[in-house]
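So this one's upload_17.txt, compact mmCIF, C-alpha atoms:
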```txt
# COMPACT_ATOMS: atom_id res chain seq x y z
CA MET A 1 0.00 0.00 0.00
CA ASN A 2 1.57 3.30 -1.07
CA TRP A 3 1.40 6.56 0.89
CA LEU A 4 -1.61 7.85 -1.04
CA GLN A 5 -3.66 4.73 -0.32
CA LYS A 6 -2.66 4.90 3.35
CA ALA A 7 -3.72 8.54 3.51
CA CYS A 8 -7.09 7.71 1.95
CA VAL A 9 -7.64 4.91 4.46
CA ARG A 10 -6.83 7.21 7.38
CA VAL A 11 -9.10 9.98 6.14
CA ARG A 12 -11.93 7.53 5.52
CA GLY A 13 -11.40 6.18 9.04
CA LEU A 14 -12.00 9.62 10.53
CA TRP A 15 -15.51 9.76 9.06
CA ARG A 16 -16.49 6.09 9.62
CA ARG A 17 -14.83 5.52 12.99
CA ALA A 18 -17.84 4.04 14.82
CA THR A 19 -18.86 1.83 11.89
CA MET A 20 -15.34 0.51 11.34
CA LYS A 21 -14.92 -0.24 15.06
CA ARG A 22 -18.10 -2.29 15.02
CA GLU A 23 -17.02 -4.13 11.87
CA ILE A 24 -13.62 -5.00 13.38
CA ASP A 25 -15.17 -6.23 16.63
CA GLU A 26 -17.72 -8.35 14.74
CA GLU A 27 -15.00 -9.83 12.53
CA LEU A 28 -12.78 -10.75 15.50
CA GLU A 29 -15.75 -12.26 17.33
CA PHE A 30 -16.64 -14.31 14.26
CA HIS A 31 -13.13 -15.75 13.94
CA LEU A 32 -13.01 -16.52 17.67
CA GLU A 33 -16.35 -18.36 17.48
CA GLN A 34 -15.16 -20.31 14.44
CA CYS A 35 -12.03 -21.37 16.30
CA VAL A 36 -14.11 -22.46 19.32
CA ALA A 37 -16.42 -24.46 17.04
CA ASP A 38 -13.43 -26.15 15.39
CA ASN A 39 -12.02 -27.07 18.82
CA ILE A 40 -15.34 -28.55 19.96
CA ALA A 41 -15.55 -30.53 16.73
CA ALA A 42 -12.08 -31.88 17.53
CA GLY A 43 -13.39 -33.32 20.81
CA MET A 44 -12.67 -30.55 23.32
CA SER A 45 -15.14 -29.52 25.97
CA PRO A 46 -16.71 -26.05 25.52
CA GLU A 47 -14.53 -24.58 28.31
CA GLU A 48 -11.35 -26.07 26.85
CA ALA A 49 -12.36 -24.99 23.35
CA VAL A 50 -12.80 -21.34 24.45
CA ARG A 51 -9.53 -21.37 26.42
CA GLU A 52 -7.57 -22.86 23.50
CA ALA A 53 -9.11 -20.41 21.03
CA ARG A 54 -8.14 -17.42 23.20
CA ARG A 55 -4.63 -18.84 23.61
CA ARG A 56 -4.21 -19.18 19.85
CA PHE A 57 -5.53 -15.70 19.17
CA GLY A 58 -3.34 -14.11 21.84
CA ASN A 59 -4.07 -10.63 23.19
CA LEU A 60 -7.37 -9.60 21.59
CA LEU A 61 -7.00 -6.00 22.73
CA ARG A 62 -3.66 -5.69 20.93
CA ILE A 63 -5.08 -7.31 17.79
CA ARG A 64 -8.06 -4.95 17.89
CA GLU A 65 -5.76 -1.90 18.17
CA GLU A 66 -3.61 -3.12 15.27
CA CYS A 67 -6.70 -3.55 13.10
CA HIS A 68 -7.92 -0.09 14.05
CA ASP A 69 -4.54 1.37 13.12
CA MET A 70 -4.51 -0.42 9.75
CA ARG A 71 -7.96 0.93 8.91
CA GLY A 72 -7.20 4.45 10.10
CA THR A 73 -9.53 4.66 13.10
CA SER A 74 -6.81 4.92 15.76
CA PHE A 75 -5.22 7.82 13.88
CA GLY A 76 -8.28 10.00 14.45
CA GLU A 77 -8.55 9.01 18.10
CA THR A 78 -4.89 9.76 18.80
CA TRP A 79 -5.17 13.09 17.01
CA LEU A 80 -8.24 14.12 19.00
CA GLN A 81 -6.66 12.98 22.26
CA ASP A 82 -3.58 15.08 21.56
CA ILE A 83 -5.73 18.13 20.87
CA ARG A 84 -7.75 17.65 24.07
CA PHE A 85 -4.58 17.21 26.11
CA GLY A 86 -3.05 20.34 24.61
CA LEU A 87 -6.18 22.40 25.31
CA ARG A 88 -6.28 21.19 28.92
CA MET A 89 -2.64 22.18 29.43
CA LEU A 90 -3.24 25.61 27.91
CA ARG A 91 -6.29 26.16 30.13
CA LYS A 92 -4.24 25.40 33.23
CA ASN A 93 -1.62 28.02 32.37
CA LEU A 94 -3.10 31.21 30.91
CA GLY A 95 0.31 32.90 30.83
CA LEU A 96 1.71 30.14 28.65
CA THR A 97 -1.39 30.31 26.47
CA THR A 98 -0.89 34.04 25.91
CA VAL A 99 2.78 33.60 25.04
CA VAL A 100 2.00 30.74 22.64
CA ALA A 101 -0.78 32.72 20.94
CA LEU A 102 1.42 35.82 20.54
CA THR A 103 4.32 33.73 19.25
CA LEU A 104 2.09 32.04 16.69
CA ALA A 105 0.59 35.37 15.62
CA LEU A 106 4.01 36.99 15.19
CA GLY A 107 5.42 33.96 13.40
CA ILE A 108 2.50 33.64 11.00
CA GLY A 109 2.47 37.39 10.35
CA ALA A 110 6.21 37.50 9.67
CA CYS A 111 6.07 34.46 7.38
CA THR A 112 3.13 35.95 5.49
CA ALA A 113 4.92 39.27 5.03
CA ILE A 114 8.15 37.61 3.88
CA PHE A 115 6.30 35.34 1.46
CA SER A 116 4.37 38.30 0.03
CA VAL A 117 7.64 40.12 -0.71
CA VAL A 118 9.37 37.03 -2.11
CA ASN A 119 6.32 36.17 -4.20
CA ALA A 120 6.06 39.68 -5.63
CA VAL A 121 9.80 40.08 -6.28
CA LEU A 122 11.05 36.59 -7.12
CA LEU A 123 8.25 34.09 -7.73
CA ARG A 124 5.39 35.87 -9.45
CA PRO A 125 6.23 36.75 -13.07
CA LEU A 126 6.06 40.37 -14.18
CA PRO A 127 2.67 41.26 -15.71
CA TYR A 128 4.09 42.00 -19.14
CA GLU A 129 4.37 40.17 -22.43
CA HIS A 130 7.45 37.90 -22.52
CA SER A 131 8.37 39.03 -19.00
CA GLU A 132 11.04 36.32 -18.80
CA ARG A 133 13.03 38.25 -21.42
CA LEU A 134 13.03 41.60 -19.60
CA VAL A 135 16.18 42.70 -17.79
CA GLN A 136 17.31 45.81 -15.93
CA LEU A 137 20.71 47.32 -16.67
CA TRP A 138 22.91 49.59 -14.57
CA GLU A 139 26.54 50.55 -14.15
CA ASP A 140 28.76 49.08 -11.43
CA PRO A 141 32.07 51.01 -11.39
CA SER A 142 33.37 49.03 -8.41
CA GLY A 143 32.83 45.68 -10.09
CA ASN A 144 31.77 44.05 -6.82
CA GLY A 145 28.07 43.88 -7.61
CA ARG A 146 27.04 46.28 -4.84
CA ASP A 147 26.88 49.57 -6.74
CA LYS A 148 23.94 50.16 -9.07
CA ASN A 149 24.49 53.54 -10.67
CA SER A 150 22.25 55.10 -13.28
CA VAL A 151 23.80 55.43 -16.69
CA SER A 152 24.32 58.70 -18.47
CA ALA A 153 22.45 59.57 -21.63
CA ALA A 154 25.68 59.27 -23.62
CA GLN A 155 26.42 55.83 -22.14
CA PHE A 156 22.88 54.70 -22.91
CA ALA A 157 23.21 55.94 -26.50
CA ASP A 158 26.37 53.84 -26.86
CA TRP A 159 24.60 50.78 -25.47
CA ARG A 160 21.70 51.25 -27.85
CA GLU A 161 23.99 51.54 -30.85
CA GLN A 162 26.34 48.71 -29.94
CA THR A 163 24.09 46.06 -28.42
CA ARG A 164 23.46 42.96 -30.50
CA THR A 165 21.78 40.75 -27.90
CA THR A 166 18.61 42.73 -27.17
CA GLU A 167 15.59 43.47 -29.32
CA GLY A 168 15.01 46.83 -27.66
CA ILE A 169 16.45 49.02 -24.93
CA SER A 170 14.91 51.99 -23.13
CA ILE A 171 16.05 54.58 -20.64
CA ILE A 172 14.00 55.83 -17.69
CA ARG A 173 14.63 59.15 -15.98
CA ARG A 174 12.53 60.10 -12.98
CA THR A 175 11.55 63.72 -12.61
CA SER A 176 8.70 65.86 -11.33
CA MET A 177 6.58 68.41 -13.16
CA ASN A 178 3.85 70.77 -12.07
CA LEU A 179 0.52 70.21 -13.79
CA THR A 180 -1.30 73.53 -14.19
CA GLY A 181 -4.38 74.83 -15.95
CA VAL A 182 -6.79 72.17 -14.61
CA GLY A 183 -8.06 73.20 -11.20
CA ARG A 184 -5.49 73.21 -8.44
CA PRO A 185 -1.87 72.77 -9.56
CA GLU A 186 -0.47 69.33 -8.79
CA ARG A 187 3.10 68.10 -8.66
CA LEU A 188 3.34 64.95 -10.77
CA ASN A 189 5.85 62.12 -10.81
CA VAL A 190 6.88 61.95 -14.45
CA HIS A 191 9.19 59.52 -16.21
CA ARG A 192 11.18 60.52 -19.27
CA VAL A 193 11.54 57.39 -21.38
CA SER A 194 12.70 56.22 -24.78
CA ALA A 195 10.10 56.05 -27.52
CA SER A 196 10.32 52.24 -27.43
CA TYR A 197 9.50 51.98 -23.70
CA LEU A 198 5.86 50.88 -23.97
CA GLN A 199 6.63 48.60 -26.91
CA ILE A 200 9.33 46.80 -24.89
CA LEU A 201 6.90 46.21 -22.01
CA GLY A 202 4.13 45.19 -24.39
CA ILE A 203 1.72 47.77 -22.95
CA ARG A 204 -0.81 49.29 -25.32
CA PRO A 205 -2.69 52.46 -24.33
CA SER A 206 -6.39 51.92 -23.69
CA LEU A 207 -7.05 55.24 -25.43
CA GLY A 208 -4.97 56.93 -28.10
CA ARG A 209 -1.50 55.66 -28.93
CA GLY A 210 2.00 55.28 -27.59
CA PHE A 211 5.13 57.10 -28.72
CA LEU A 212 6.24 57.04 -32.34
CA PRO A 213 9.81 55.82 -33.02
CA ASP A 214 11.18 59.32 -33.60
CA GLU A 215 9.32 61.20 -30.87
CA ASP A 216 12.39 61.07 -28.62
CA ARG A 217 14.40 63.04 -31.19
CA PRO A 218 15.11 66.78 -30.89
CA GLY A 219 12.70 69.13 -32.59
CA ARG A 220 9.58 67.03 -32.16
CA LYS A 221 6.44 68.34 -30.50
CA ASN A 222 6.01 67.72 -26.75
CA VAL A 223 3.74 64.72 -26.17
CA ALA A 224 2.68 62.82 -23.04
CA VAL A 225 0.98 59.56 -22.13
CA LEU A 226 -1.01 59.68 -18.88
CA THR A 227 -1.61 56.87 -16.43
CA HIS A 228 -5.13 55.61 -15.90
CA ARG A 229 -5.01 56.83 -12.30
CA LEU A 230 -4.12 60.45 -13.21
CA TRP A 231 -6.66 60.45 -16.03
CA GLN A 232 -9.43 59.54 -13.60
CA ARG A 233 -8.26 61.73 -10.72
CA GLN A 234 -7.55 64.99 -12.54
CA PHE A 235 -9.61 64.73 -15.70
CA GLY A 236 -12.66 62.72 -14.65
CA ALA A 237 -11.87 59.92 -17.15
CA GLU A 238 -12.81 62.21 -20.03
CA PRO A 239 -12.26 60.32 -23.34
CA GLU A 240 -11.94 63.58 -25.29
CA LEU A 241 -8.75 64.42 -23.39
CA VAL A 242 -6.70 62.54 -26.00
CA GLY A 243 -5.48 65.09 -28.54
CA ARG A 244 -5.81 68.04 -26.19
CA GLU A 245 -2.97 69.99 -24.64
CA ILE A 246 -2.04 70.17 -20.97
CA ARG A 247 0.67 72.21 -19.27
CA LEU A 248 3.56 70.45 -17.57
CA ALA A 249 6.38 72.49 -16.02
CA GLY A 250 5.07 75.54 -17.84
CA GLU A 251 5.19 73.92 -21.30
CA SER A 252 2.42 72.59 -23.51
CA TYR A 253 2.21 68.81 -23.98
CA THR A 254 -0.27 67.05 -26.24
CA VAL A 255 -1.92 64.06 -24.58
CA ILE A 256 -1.55 61.24 -27.11
CA GLY A 257 -2.65 58.27 -24.99
CA ILE A 258 -4.06 56.91 -21.74
CA LEU A 259 -2.50 53.80 -20.20
CA PRO A 260 -4.72 50.91 -19.05
CA SER A 261 -5.38 50.39 -15.34
CA THR A 262 -3.49 47.10 -15.53
CA PRO A 263 -0.75 46.23 -15.88
CA GLU A 264 0.88 49.18 -14.15
CA LEU A 265 4.30 50.46 -15.11
CA PRO A 266 7.30 48.91 -13.30
CA LEU A 267 8.00 52.20 -11.52
CA GLU A 268 5.03 54.18 -10.25
CA CYS A 269 4.43 57.51 -11.92
CA ASP A 270 1.64 59.78 -13.15
CA ALA A 271 2.74 60.30 -16.75
CA ILE A 272 5.50 59.46 -19.20
CA VAL A 273 7.07 61.78 -21.75
CA PRO A 274 9.85 61.17 -24.29
CA PHE A 275 13.47 61.40 -23.16
CA VAL A 276 14.78 63.72 -25.87
CA PHE A 277 18.37 62.81 -26.68
CA GLY A 278 20.75 65.69 -27.29
CA THR A 279 18.90 68.11 -25.01
CA GLU A 280 19.47 66.40 -21.64
```

Written as structure tokens, how would this file's structure read?
Amino acid sequence: MNWLQKACVRVRGLWRRATMKREIDEELEFHLEQCVADNIAAGMSPEEAVREARRRFGNLLRIREECHDMRGTSFGETWLQDIRFGLRMLRKNLGLTTVVALTLALGIGACTAIFSVVNAVLLRPLPYEHSERLVQLWEDPSGNGRDKNSVSAAQFADWREQTRTTEGISIIRRTSMNLTGVGRPERLNVHRVSASYLQILGIRPSLGRGFLPDEDRPGRKNVAVLTHRLWQRQFGAEPELVGREIRLAGESYTVIGILPSTPELPLECDAIVPFVFGTE
């Protein structure tokens, strides 16, 4: 009997404990009576037949317990007895009970928090197309793996021109811009990115479009793609916003697209605009 069959027997024994006990007792009694009948047929007196049958069977209590264990009934009894004993001990010592409860709560809470972080960072795949092919690049002047410095625009331009192992590469620069002209001014977290940024992530705007390939070149008109959250919060989810101009940091930007609510960008922000090479 393999482990799965044993587990099934034990689980079944928990639900049919009383019935299985009765069946075992009846089966043992039947075999004992058969042995007594055979002894009487062999010429023994009834008393001798019973005594010889019990001698041949041995300890009936031990046999009964072994049968219960094989059919899974003793497992449930032992488990329940252990629980009752533990509860009685905890009732007798409220201080110990409090310490145990707090220890369990802290342990479970810590394990849950650690698993949530590990799951989000290491186990759960990124919510983007072909996420297994996405990588993050940085500079490490020390060479020891501890420094993660941002690259300069010139260094990034060299990477983009020289790389032969990637299908696309994008830069991200975090900045802040004041949004004006729509109610109260608001300071926004804005990311300046390469024109290929959304294409690399596989994110398509729910309204409008993403950046064109040359919109991160000097001389192009200022354009912006807003997050779904900013679109709802500041503009009331107005579909006609696409194509209109807004003012960021005192300059006019044409809203060309609205990002979907999911998936969100890897780094939280309110809007993305092109990183214009040669001007920064």

For region 239-254 of chain A, find every residue with an atom within 7 Å (counting only C-alpha atoms), except residues of its own chain fewer than 2 positions away, and show them as a PDB file with C-alpha atoms, in the coordinates of the input.
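The file below, around.pdb, is the result:
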```
ATOM      1  CA  MET A 177       6.580  68.410 -13.160  1.00  0.00           C
ATOM      2  CA  ASN A 178       3.850  70.770 -12.070  1.00  0.00           C
ATOM      3  CA  LEU A 179       0.520  70.210 -13.790  1.00  0.00           C
ATOM      4  CA  THR A 180      -1.300  73.530 -14.190  1.00  0.00           C
ATOM      5  CA  GLY A 181      -4.380  74.830 -15.950  1.00  0.00           C
ATOM      6  CA  GLY A 208      -4.970  56.930 -28.100  1.00  0.00           C
ATOM      7  CA  ASN A 222       6.010  67.720 -26.750  1.00  0.00           C
ATOM      8  CA  VAL A 223       3.740  64.720 -26.170  1.00  0.00           C
ATOM      9  CA  ALA A 224       2.680  62.820 -23.040  1.00  0.00           C
ATOM     10  CA  ALA A 237     -11.870  59.920 -17.150  1.00  0.00           C
ATOM     11  CA  ILE A 256      -1.550  61.240 -27.110  1.00  0.00           C
ATOM     12  CA  GLY A 257      -2.650  58.270 -24.990  1.00  0.00           C
TER      13      GLY A 257
END
```

Selection near region 125-141 of chain A, 10 Å with all atoms listed in the file, sequence-local residues under 4 positions removed, as an MDAnalysis selection string: chainID A and resid 119:121 145:152 155:156 166:171 199:203 262:266

Distance of CA of Phe235 (chain A) from CA of Arg173 (chain A), expressed in Å to one decimal place: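 Straight-line distance from CA of Arg173 (chain A) to CA of Phe235 (chain A) works out to 24.9 Å.
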
Residues within 7 Å of (5.3, 56.8, -12.1), counting all atoms listed in the file, listed as a PyMOL selection string: chain A and resi 189-191+267-271

Point-to-point distance from CA of Pro213 (chain A) to CA of Ser196 (chain A), Å rounded to tenths: 6.7 Å

Among the residues A:Arg220, A:Arg22, A:Arg84, A:Arg229, the one that comes closest to Phe277 (chain A) [using all atoms listed in the file]: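 Ranking A:Arg220, A:Arg22, A:Arg84, A:Arg229 by distance to Phe277 (chain A), first place goes to A:Arg220.
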
CA of Phe275 (chain A) to CA of Leu207 (chain A), straight-line distance in Å: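 That distance, rounded to one decimal, is 21.5 Å.
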